[in-house]
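Worksheet: one structure, shown below.
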Amino acid sequence: MKYAMALLLLVFQSSAWAQLEKPVQDWPNLQKYTQANAVLMQQSVPKNRVVFMGNSIVEFWSVRDSSYFVQHPNYVNRGISGQTTPQMLLRFRQDVIDLKPAAVVILAGINDIAENTGPIPLTTTMGNIASMAELAKVHHIKVILCTVLPANHFPWRPSIYPADKVIALNAMIKAYAQQHQLTYVNFYDPMVDAEKGLQAKYTMDGVHPNTAGYTLMGELVDKAIQTTLLKKP
């Protein structure tokens with residue numbers, strides 16, 4: 001009996017040490033913008049600062065249309081490629097609230113449909129988007145909700161057919177924005193093709209915008225930002 005207990009204790013200790021030796025996983029990628037946020041927080045906050053929260057579609061905006069954020073120095077890009085809404089919600093405080101913006105642009109949900117972090121109901125995705133909007137509102141940050149871009153396939157997840165789920169999620173986003181009197185940006189309608197996908201002239205892979213796509217998105221979101229910043233708190 002003593003030998004059995006000693007063996008169990010040895011196995012437990014070995015397992016515990018193995019867990020400690022594993023690299024710590026930063027699931028929401030809190031480290032990505034830690035240094036950049038620290039720099040911004042040391043500066044005076046412009047009264048019209050706007051944070052863009054999202055996934056690769058937001059992150060790549062600074063790459064594929066690099067002039068956009070240069071021309072708008074009050075815009076802050078906080079997109080992270082591959083992220084789903086639960087990950088964004090976990091980092092919303094440090095990457096949005098702590099930067100004290102006047103407004104936040106939220107463009108999220110396509111990677112939930114792609115199941116990047118596992119299966120998730122559309123209602124849960126919408127709940128995460130709503131939670132980000134409500135956190136912003138509590139901190140007097142004006143909210144701009146964007147539709148998910150059209151997509152009828154995922155190059156990295158060919159077994160999933162996203163088109164109808166994109167439409168359903170966008171209907172939820174629109175309804176929530178109307179119910180709570182939030183600014184709503186419709187990227188979907190001007191970018192969709194006859195097969196419920198992203199028009200070829202706006203994309204390279206059917207999911208991510210090219211320069212032409214970002215140009216159109218910039219025009220639409222700039223109008224929304226200007227209108228939103230003029231709204232009374």
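For the structure tokens, the naming scheme is as follows: chains receive sequential letters (A, B, ...) according to their order of presentation, residues are indexed from 1 within each chain, and ligands are indexed from 1 in presentation order.
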Non-local contacts of A:Asn128 (7 Å; only C-alpha atoms; under 4 positions in same chain excluded) as a ChimeraX atom specification:
/A:85-86,89,124,132
Just to be explicit: take each residue in the selection above, keep all heavy atoms, and write the result as a PDB file, in the first residue's frame.
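After the write, selection-v7.pdb holds the following:
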```pdb
ATOM      1  N   THR A  85     -14.612  36.075 -31.235  1.00  0.00           N
ATOM      2  CA  THR A  85     -15.161  37.085 -30.319  1.00  0.00           C
ATOM      3  C   THR A  85     -14.858  36.832 -28.843  1.00  0.00           C
ATOM      4  O   THR A  85     -14.664  37.802 -28.103  1.00  0.00           O
ATOM      5  CB  THR A  85     -16.681  37.239 -30.513  1.00  0.00           C
ATOM      6  OG1 THR A  85     -17.337  35.978 -30.306  1.00  0.00           O
ATOM      7  CG2 THR A  85     -16.992  37.745 -31.913  1.00  0.00           C
ATOM      8  N   PRO A  86     -14.786  35.579 -28.350  1.00  0.00           N
ATOM      9  CA  PRO A  86     -14.414  35.422 -26.945  1.00  0.00           C
ATOM     10  C   PRO A  86     -12.997  35.909 -26.645  1.00  0.00           C
ATOM     11  O   PRO A  86     -12.728  36.445 -25.568  1.00  0.00           O
ATOM     12  CB  PRO A  86     -14.567  33.916 -26.684  1.00  0.00           C
ATOM     13  CG  PRO A  86     -14.598  33.278 -28.028  1.00  0.00           C
ATOM     14  CD  PRO A  86     -15.188  34.292 -28.947  1.00  0.00           C
ATOM     15  N   LEU A  89     -13.181  39.733 -26.558  1.00  0.00           N
ATOM     16  CA  LEU A  89     -13.825  40.187 -25.319  1.00  0.00           C
ATOM     17  C   LEU A  89     -12.835  40.174 -24.152  1.00  0.00           C
ATOM     18  O   LEU A  89     -12.829  41.091 -23.321  1.00  0.00           O
ATOM     19  CB  LEU A  89     -15.032  39.300 -25.022  1.00  0.00           C
ATOM     20  CG  LEU A  89     -15.863  39.644 -23.787  1.00  0.00           C
ATOM     21  CD1 LEU A  89     -16.374  41.083 -23.833  1.00  0.00           C
ATOM     22  CD2 LEU A  89     -17.037  38.664 -23.644  1.00  0.00           C
ATOM     23  N   THR A 124     -24.209  33.059 -29.142  1.00  0.00           N
ATOM     24  CA  THR A 124     -23.081  33.334 -28.247  1.00  0.00           C
ATOM     25  C   THR A 124     -22.139  34.355 -28.863  1.00  0.00           C
ATOM     26  O   THR A 124     -21.642  35.256 -28.185  1.00  0.00           O
ATOM     27  CB  THR A 124     -22.322  32.038 -27.924  1.00  0.00           C
ATOM     28  OG1 THR A 124     -23.232  31.098 -27.336  1.00  0.00           O
ATOM     29  CG2 THR A 124     -21.178  32.302 -26.942  1.00  0.00           C
ATOM     30  N   MET A 132     -19.050  43.499 -25.629  1.00  0.00           N
ATOM     31  CA  MET A 132     -18.046  44.521 -25.948  1.00  0.00           C
ATOM     32  C   MET A 132     -18.708  45.891 -26.091  1.00  0.00           C
ATOM     33  O   MET A 132     -18.196  46.901 -25.556  1.00  0.00           O
ATOM     34  CB  MET A 132     -17.304  44.145 -27.233  1.00  0.00           C
ATOM     35  CG  MET A 132     -16.315  43.006 -27.053  1.00  0.00           C
ATOM     36  SD  MET A 132     -15.273  42.712 -28.516  1.00  0.00           S
ATOM     37  CE  MET A 132     -16.299  41.571 -29.438  1.00  0.00           C
TER      38      MET A 132
END
```
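The coordinates place atom CA of A:Ala38 at 27.4 Å from atom CA of A:Gly109.
Taking only C-alpha atoms into account, A:Ile120 lies nearest to A:Thr84 out of the set A:Thr84, A:Asp98, A:Gln226, A:Gln199.
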Can you tell me which residues surround A:Leu30 at a distance of at most 9 Å, considering only C-alpha atoms, apart from same-chain residues fewer than 2 positions away, and format the answer as a ChimeraX atom specification?
/A:26-28,32-34,90-91,94-95
Please produce a file of those selected residues containing N, CA and C atoms, as a PDB file, in the first residue's frame.
```
ATOM      1  N   ASP A  26      -0.973  32.309 -24.023  1.00  0.00           N
ATOM      2  CA  ASP A  26      -1.676  33.596 -23.968  1.00  0.00           C
ATOM      3  C   ASP A  26      -2.823  33.508 -24.957  1.00  0.00           C
ATOM      4  N   TRP A  27      -3.900  32.826 -24.565  1.00  0.00           N
ATOM      5  CA  TRP A  27      -4.975  32.489 -25.498  1.00  0.00           C
ATOM      6  C   TRP A  27      -5.581  33.715 -26.187  1.00  0.00           C
ATOM      7  N   PRO A  28      -5.858  34.803 -25.461  1.00  0.00           N
ATOM      8  CA  PRO A  28      -6.396  35.986 -26.145  1.00  0.00           C
ATOM      9  C   PRO A  28      -5.332  36.885 -26.765  1.00  0.00           C
ATOM     10  N   LYS A  32       0.264  40.973 -27.524  1.00  0.00           N
ATOM     11  CA  LYS A  32       0.530  41.524 -28.843  1.00  0.00           C
ATOM     12  C   LYS A  32       0.664  43.049 -28.826  1.00  0.00           C
ATOM     13  N   TYR A  33      -0.222  43.726 -28.144  1.00  0.00           N
ATOM     14  CA  TYR A  33      -0.223  45.186 -28.167  1.00  0.00           C
ATOM     15  C   TYR A  33       0.184  45.822 -26.832  1.00  0.00           C
ATOM     16  N   THR A  34       0.748  45.030 -25.946  1.00  0.00           N
ATOM     17  CA  THR A  34       1.090  45.555 -24.618  1.00  0.00           C
ATOM     18  C   THR A  34       2.028  46.752 -24.705  1.00  0.00           C
ATOM     19  N   LEU A  90     -11.983  39.160 -24.094  1.00  0.00           N
ATOM     20  CA  LEU A  90     -11.009  39.064 -23.015  1.00  0.00           C
ATOM     21  C   LEU A  90      -9.976  40.191 -23.057  1.00  0.00           C
ATOM     22  N   ARG A  91      -9.652  40.681 -24.248  1.00  0.00           N
ATOM     23  CA  ARG A  91      -8.644  41.742 -24.337  1.00  0.00           C
ATOM     24  C   ARG A  91      -9.263  43.127 -24.543  1.00  0.00           C
ATOM     25  N   GLN A  94      -7.903  46.082 -22.117  1.00  0.00           N
ATOM     26  CA  GLN A  94      -6.560  46.631 -22.323  1.00  0.00           C
ATOM     27  C   GLN A  94      -6.376  47.223 -23.716  1.00  0.00           C
ATOM     28  N   ASP A  95      -7.060  46.662 -24.718  1.00  0.00           N
ATOM     29  CA  ASP A  95      -6.833  47.120 -26.091  1.00  0.00           C
ATOM     30  C   ASP A  95      -7.834  48.178 -26.554  1.00  0.00           C
TER      31      ASP A  95
END
```
